[in-house]
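Structure below is final-v4.cif: mmCIF, C-alpha atoms.
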data_target
loop_
_atom_site.group_PDB
_atom_site.id
_atom_site.type_symbol
_atom_site.label_atom_id
_atom_site.label_comp_id
_atom_site.auth_asym_id
_atom_site.auth_seq_id
_atom_site.Cartn_x
_atom_site.Cartn_y
_atom_site.Cartn_z
ATOM 1 C CA GLY A 1 99.296 -178.192 -121.440
ATOM 2 C CA GLU A 2 97.317 -181.140 -122.788
ATOM 3 C CA SER A 3 95.843 -183.936 -120.673
ATOM 4 C CA ILE A 4 94.769 -187.367 -121.922
ATOM 5 C CA TYR A 5 92.812 -190.214 -120.340
ATOM 6 C CA GLU A 6 93.511 -193.576 -121.926
ATOM 7 C CA ARG A 7 93.417 -197.288 -121.243
ATOM 8 C CA LEU A 8 96.787 -198.984 -121.445
ATOM 9 C CA LYS A 9 98.353 -202.335 -120.625
ATOM 10 C CA THR A 10 101.472 -202.736 -118.596
ATOM 11 C CA SER A 11 104.303 -204.970 -119.711
ATOM 12 C CA ASP A 12 102.793 -207.909 -117.799
ATOM 13 C CA GLY A 13 99.370 -207.374 -119.463
ATOM 14 C CA THR A 14 97.553 -205.712 -116.537
ATOM 15 C CA PRO A 15 94.966 -203.200 -117.796
ATOM 16 C CA VAL A 16 95.380 -199.703 -116.374
ATOM 17 C CA LEU A 17 93.653 -196.363 -116.750
ATOM 18 C CA ALA A 18 96.277 -193.633 -117.283
ATOM 19 C CA TYR A 19 96.103 -189.867 -116.991
ATOM 20 C CA SER A 20 98.863 -187.980 -118.825
ATOM 21 C CA LEU A 21 99.621 -184.292 -118.435
ATOM 22 C CA GLY A 22 102.194 -182.439 -120.533
ATOM 23 C CA VAL A 23 104.124 -179.640 -118.820
ATOM 24 C CA ALA A 24 106.758 -177.373 -120.418
ATOM 25 C CA TRP A 25 109.197 -174.903 -118.737
ATOM 26 C CA ALA A 26 111.102 -172.227 -120.548
ATOM 27 C CA ASP A 27 114.173 -170.604 -118.966
ATOM 28 C CA ASN A 28 114.570 -168.232 -121.841
ATOM 29 C CA GLU A 29 113.490 -167.952 -125.471
ATOM 30 C CA LYS A 30 115.970 -170.484 -126.789
ATOM 31 C CA ARG A 31 116.000 -173.274 -124.253
ATOM 32 C CA LYS A 32 112.755 -175.162 -123.580
ATOM 33 C CA GLY A 33 112.242 -178.287 -121.443
ATOM 34 C CA GLY A 34 109.163 -180.472 -121.379
ATOM 35 C CA TYR A 35 107.893 -183.226 -119.139
ATOM 36 C CA THR A 36 104.947 -185.613 -119.305
ATOM 37 C CA PHE A 37 103.546 -186.703 -115.971
ATOM 38 C CA VAL A 38 101.618 -189.988 -116.091
ATOM 39 C CA VAL A 39 99.491 -191.463 -113.280
ATOM 40 C CA ALA A 40 98.145 -194.984 -113.802
ATOM 41 C CA GLU A 41 95.628 -197.013 -111.786
ATOM 42 C CA SER A 42 94.974 -200.693 -112.192
ATOM 43 C CA LEU A 43 91.521 -201.454 -113.677
ATOM 44 C CA VAL A 44 91.146 -204.763 -111.849
ATOM 45 C CA ARG A 45 89.545 -203.213 -108.772
ATOM 46 C CA PHE A 46 87.546 -200.804 -110.943
ATOM 47 C CA ASN A 47 86.222 -203.697 -113.069
ATOM 48 C CA GLN A 48 85.323 -205.606 -109.900
ATOM 49 C CA GLN A 49 83.347 -202.627 -108.602
ATOM 50 C CA VAL A 50 81.533 -202.228 -111.951
ATOM 51 C CA SER A 51 80.749 -205.944 -112.009
ATOM 52 C CA SER A 52 79.519 -205.870 -108.407
ATOM 53 C CA PHE A 53 77.406 -202.783 -109.143
ATOM 54 C CA SER A 54 75.887 -204.429 -112.250
ATOM 55 C CA HIS A 55 75.138 -207.589 -110.297
ATOM 56 C CA ASN A 56 73.497 -205.613 -107.455
ATOM 57 C CA LEU A 57 71.630 -203.415 -109.922
ATOM 58 C CA TRP A 58 70.099 -206.411 -111.746
ATOM 59 C CA GLY A 59 69.263 -208.041 -108.409
ATOM 60 C CA TRP A 60 67.490 -204.931 -107.161
ATOM 61 C CA LEU A 61 65.721 -204.398 -110.491
ATOM 62 C CA GLY A 62 64.530 -208.018 -110.413
ATOM 63 C CA GLY A 63 63.293 -207.587 -106.831
ATOM 64 C CA VAL A 64 61.515 -204.331 -107.674
ATOM 65 C CA THR A 65 59.926 -206.008 -110.727
ATOM 66 C CA VAL A 66 58.628 -208.879 -108.603
ATOM 67 C CA VAL A 67 57.271 -206.450 -105.978
ATOM 68 C CA LEU A 68 55.611 -204.307 -108.673
ATOM 69 C CA LEU A 69 54.025 -207.372 -110.289
ATOM 70 C CA ILE A 70 52.659 -208.517 -106.916
ATOM 71 C CA MET A 71 51.318 -205.023 -106.202
ATOM 72 C CA LEU A 72 49.773 -204.817 -109.679
ATOM 73 C CA THR A 73 48.088 -208.194 -109.187
ATOM 74 C CA VAL A 74 46.722 -207.157 -105.785
ATOM 75 C CA ILE A 75 45.483 -203.802 -107.129
ATOM 76 C CA LEU A 76 43.823 -205.437 -110.156
ATOM 77 C CA ARG A 77 42.137 -208.072 -107.988
ATOM 78 C CA TRP A 78 40.919 -205.394 -105.592
ATOM 79 C CA GLY A 79 39.854 -203.035 -108.396
ATOM 80 C CA LEU A 80 38.035 -205.712 -110.415
ATOM 81 C CA ALA A 81 36.310 -207.314 -107.401
ATOM 82 C CA PRO A 82 33.027 -205.419 -108.043
ATOM 83 C CA LEU A 83 32.953 -206.722 -111.620
ATOM 84 C CA ARG A 84 33.473 -210.253 -110.307
ATOM 85 C CA ARG A 85 30.520 -209.690 -107.935
ATOM 86 C CA VAL A 86 28.388 -208.547 -110.886
ATOM 87 C CA ALA A 87 29.374 -211.691 -112.807
ATOM 88 C CA GLU A 88 28.557 -213.889 -109.797
ATOM 89 C CA ASP A 89 25.161 -212.183 -109.368
ATOM 90 C CA LEU A 90 24.454 -212.697 -113.080
ATOM 91 C CA HIS A 91 25.244 -216.415 -112.657
ATOM 92 C CA GLU A 92 22.831 -216.483 -109.706
ATOM 93 C CA ILE A 93 20.146 -214.892 -111.908
ATOM 94 C CA GLU A 94 20.812 -217.435 -114.669
ATOM 95 C CA ALA A 95 20.579 -220.254 -112.118
ATOM 96 C CA GLY A 96 17.290 -218.859 -110.807
ATOM 97 C CA GLY A 97 18.632 -217.899 -107.381
ATOM 98 C CA HIS A 98 17.864 -214.183 -107.760
ATOM 99 C CA LEU A 99 15.506 -212.130 -109.874
ATOM 100 C CA GLU A 100 17.777 -209.054 -110.049
ATOM 101 C CA LEU A 101 21.274 -207.819 -109.216
ATOM 102 C CA ILE A 102 21.008 -207.197 -105.486
ATOM 103 C CA GLY A 103 24.569 -206.373 -104.386
ATOM 104 C CA HIS A 104 25.897 -203.000 -103.275
ATOM 105 C CA TYR A 105 28.137 -201.791 -106.071
ATOM 106 C CA PRO A 106 30.378 -198.723 -106.363
ATOM 107 C CA LYS A 107 28.944 -195.658 -108.062
ATOM 108 C CA GLU A 108 31.058 -196.320 -111.171
ATOM 109 C CA LEU A 109 29.138 -199.570 -111.760
ATOM 110 C CA ARG A 110 25.740 -198.420 -110.495
ATOM 111 C CA GLY A 111 24.656 -197.199 -113.946
ATOM 112 C CA LEU A 112 25.539 -200.564 -115.466
ATOM 113 C CA THR A 113 23.792 -202.593 -112.761
ATOM 114 C CA ASP A 114 20.686 -200.358 -112.776
ATOM 115 C CA ASN A 115 20.385 -200.718 -116.557
ATOM 116 C CA LEU A 116 20.865 -204.492 -116.311
ATOM 117 C CA ASN A 117 18.135 -204.661 -113.660
ATOM 118 C CA ALA A 118 15.835 -202.551 -115.851
ATOM 119 C CA LEU A 119 16.529 -204.858 -118.785
ATOM 120 C CA ILE A 120 15.840 -207.945 -116.661
ATOM 121 C CA ARG A 121 12.576 -206.424 -115.331
ATOM 122 C CA THR A 122 11.453 -205.470 -118.846
ATOM 123 C CA ASN A 123 12.230 -208.950 -120.124
ATOM 124 C CA ARG A 124 10.285 -210.508 -117.252
ATOM 125 C CA GLU A 125 7.313 -208.181 -117.934
ATOM 126 C CA HIS A 126 7.437 -209.151 -121.623
ATOM 127 C CA GLU A 127 7.368 -212.829 -120.705
ATOM 128 C CA GLU A 128 4.416 -212.283 -118.354
ATOM 129 C CA ARG A 129 2.555 -210.295 -121.024
ATOM 130 C CA TYR A 130 3.174 -212.956 -123.665
ATOM 131 C CA ARG A 131 2.116 -215.684 -121.252
ATOM 132 C CA ALA A 132 -1.078 -213.744 -120.452
ATOM 133 C CA SER A 133 -1.673 -213.084 -124.171
ATOM 134 C CA LEU A 134 -1.255 -216.782 -124.964
ATOM 135 C CA GLY A 135 -3.720 -217.624 -122.196
ATOM 136 C CA ASP A 136 -6.191 -215.061 -123.557
ATOM 137 C CA LEU A 137 -5.668 -216.387 -127.074
ATOM 138 C CA ALA A 138 -6.292 -219.959 -125.989
ATOM 139 C CA HIS A 139 -9.389 -218.905 -124.063
ATOM 140 C CA SER A 140 -10.699 -216.848 -127.005
ATOM 141 C CA LEU A 141 -10.198 -219.729 -129.468
ATOM 142 C CA LYS A 142 -12.209 -222.150 -127.349
ATOM 143 C CA THR A 143 -15.573 -220.757 -128.501
ATOM 144 C CA PRO A 144 -14.907 -220.930 -132.282
ATOM 145 C CA LEU A 145 -13.447 -224.410 -131.874
ATOM 146 C CA ALA A 146 -16.520 -225.501 -129.927
ATOM 147 C CA VAL A 147 -18.743 -224.100 -132.687
ATOM 148 C CA LEU A 148 -16.701 -225.985 -135.327
ATOM 149 C CA ARG A 149 -16.904 -229.179 -133.320
ATOM 150 C CA GLY A 150 -20.682 -228.706 -132.960
ATOM 151 C CA THR A 151 -21.015 -228.097 -136.707
ATOM 152 C CA ILE A 152 -19.196 -231.307 -137.519
ATOM 153 C CA GLU A 153 -21.264 -233.335 -135.065
ATOM 154 C CA VAL A 154 -24.648 -232.311 -136.564
ATOM 155 C CA PRO A 155 -25.688 -235.461 -138.503
ATOM 156 C CA ASP A 156 -27.754 -234.214 -141.422
ATOM 157 C CA GLN A 157 -26.175 -230.932 -142.339
ATOM 158 C CA SER A 158 -25.574 -229.805 -145.885
ATOM 159 C CA LEU A 159 -22.054 -229.291 -147.164
ATOM 160 C CA SER A 160 -22.676 -225.613 -147.994
ATOM 161 C CA ALA A 161 -23.989 -224.875 -144.482
ATOM 162 C CA MET A 162 -20.981 -226.642 -142.988
ATOM 163 C CA ARG A 163 -18.634 -224.713 -145.296
ATOM 164 C CA GLY A 164 -20.256 -221.390 -144.333
ATOM 165 C CA ALA A 165 -19.943 -222.159 -140.616
ATOM 166 C CA VAL A 166 -16.305 -223.203 -141.002
ATOM 167 C CA GLU A 167 -15.442 -220.044 -143.003
ATOM 168 C CA GLU A 168 -17.167 -217.844 -140.437
ATOM 169 C CA GLN A 169 -15.318 -219.465 -137.502
ATOM 170 C CA VAL A 170 -11.969 -219.418 -139.339
ATOM 171 C CA GLN A 171 -12.429 -215.711 -140.024
ATOM 172 C CA ARG A 172 -13.347 -215.129 -136.399
ATOM 173 C CA MET A 173 -10.277 -217.070 -135.205
ATOM 174 C CA ASP A 174 -8.076 -215.041 -137.564
ATOM 175 C CA GLN A 175 -9.464 -211.800 -136.088
ATOM 176 C CA ILE A 176 -8.884 -213.080 -132.561
ATOM 177 C CA VAL A 177 -5.276 -214.046 -133.344
ATOM 178 C CA GLN A 178 -4.560 -210.669 -135.013
ATOM 179 C CA TYR A 179 -6.109 -208.779 -132.097
ATOM 180 C CA GLN A 180 -4.162 -210.732 -129.464
ATOM 181 C CA LEU A 181 -0.851 -210.373 -131.355
ATOM 182 C CA GLN A 182 -1.379 -206.636 -131.778
ATOM 183 C CA ARG A 183 -2.285 -206.269 -128.119
ATOM 184 C CA ALA A 184 0.803 -208.210 -127.014
ATOM 185 C CA ALA A 185 3.101 -206.170 -129.267
ATOM 186 C CA THR A 186 1.813 -202.737 -128.204
ATOM 187 C CA SER A 187 1.453 -203.278 -124.469
ATOM 188 C CA GLY A 188 4.238 -202.425 -122.066
ATOM 189 C CA ARG A 189 7.373 -200.403 -122.570
ATOM 190 C CA THR A 190 10.881 -201.172 -123.745
ATOM 191 C CA ALA A 191 13.741 -200.356 -121.371
ATOM 192 C CA LEU A 192 16.296 -199.384 -124.026
ATOM 193 C CA MET A 193 14.158 -197.411 -126.451
ATOM 194 C CA ALA A 194 15.352 -194.144 -127.970
ATOM 195 C CA PRO A 195 13.164 -191.113 -127.174
ATOM 196 C CA VAL A 196 10.920 -189.772 -129.922
ATOM 197 C CA ASP A 197 10.730 -186.024 -130.580
ATOM 198 C CA LEU A 198 7.034 -185.231 -130.480
ATOM 199 C CA GLY A 199 7.530 -181.979 -132.348
#
Can I see the file as structure tokens?
Amino acid sequence: GESIYERLKTSDGTPVLAYSLGVAWADNEKRKGGYTFVVAESLVRFNQQVSSFSHNLWGWLGGVTVVLLIMLTVILRWGLAPLRRVAEDLHEIEAGGHLELIGHYPKELRGLTDNLNALIRTNREHEERYRASLGDLAHSLKTPLAVLRGTIEVPDQSLSAMRGAVEEQVQRMDQIVQYQLQRAATSGRTALMAPVDLG
């Protein structure tokens, strides 16, 4: 009543897969007869099929891997194309070709590009304010410098009078510089500033 699968070798060394089944007949209580039926199949063809299947499997897996890698590359290039456009527009801004990011970007990148444009605008406004402040500062310092030059050019002037005029103009220039610096620092707004709770 038992069955066994096992690998065997024939007398000439050929590998086989054998199935054995034990069968017993009893005519009466005393006499029993038993037989073992064995069916064997050569493993050569089976091993060829397994080898062919393994070879085909690795071939197909390699092909699928190549196809998946190509698809992944295409998807990544397509998906990252907007970021490449942002990088190209930033290079154009650095080269002076554009003042802002002007491309049409997907909504996922619109927050980033809008904030970059706001930052660029704020930076440009700061530069214009500082340039204007430097112009105002230079214009404001012209008068005290002219007074100092006039004081030096007076031929018969006492040292104490000259010292008083120089101190007065130096103090005036210091006030002008402080005023212009304070004005430049407080004017305008910063794009990335945290809100302040007025309460």
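The interatomic distance for the pair atom CA of A:Gln182 and atom CA of A:Tyr130 works out to 11.2 Å.
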| Length of the atom CA of A:Val86 to atom CA of A:Leu101 vector [Å] |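 Separation between atom CA of A:Val86 and atom CA of A:Leu101: 7.3 Å.
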First collect every listed atom of stretch 138-148 of chain A; then fit an axis-aligned box around them, widen it by 5 Å on each side, and give centre and edge lengths in Å to one decimal, as AutoDock Vina command-line options.
--center_x -12.5 --center_y -221.4 --center_z -129.7 --size_x 22.5 --size_y 19.1 --size_z 21.3
| field | Evaluate the PyMOL selection byres ((chain A and resi 2) around 12) and report residues as a count of residues only | value | 15
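Remark: for A:Val170, the closest of the candidate residues A:Leu90, A:Leu76, A:Gly33, A:Leu148 is A:Leu148 (distances computed over all atoms listed in the file).
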| message | Residues near stretch 91-100 of chain A, anyone? I mean within 12 Å using only C-alpha atoms, not counting same-chain ones fewer than 3 positions away, as a PyMOL selection string. | response | chain A and resi 84-88+103+113-124
| task | Considering only C-alpha atoms, state which residue in the set A:Gln169, A:Gln175, A:Gln180, A:Thr151 is at the smallest distance from A:Leu134. | result |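 The closest residue to A:Leu134 is A:Gln180.
Of the residues listed (A:Val166, A:Val44, A:Leu72, A:Met173), A:Met173 shows the shortest atom-to-atom separation from A:Ser140; distances use only C-alpha atoms.
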| Could you work out how far atom CA of A:Ala138 lies from atom CA of A:Ser158, giving the answer in Å with one decimal? |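 Distance reported for this atom pair: 29.4 Å.
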| task | Considering only C-alpha atoms, state which residue in the set A:Ile152, A:Leu109, A:Ala161, A:Val177 is at the smallest distance from A:Leu137. | result |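 Smallest distance to A:Leu137 is found for A:Val177.
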| remark: The residue from A:Leu8, A:Leu83, A:Leu57, A:Leu68 with the smallest atom-to-atom distance to A:Leu43, counting only C-alpha atoms, is A:Leu8
| task | Could you state which residues are captured by the PyMOL selection byres ((chain A and resi 9) around 12) in this file, as number ranges by chain? | result | A: 6-8, 10-18, 40-44
| So, counting all atoms listed in the file, which residue among A:Thr65, A:Ser160, A:Gly150, A:Ser133 is closest to A:Gln178? |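 Going through A:Thr65, A:Ser160, A:Gly150, A:Ser133 one by one, the smallest distance to A:Gln178 is for A:Ser133.
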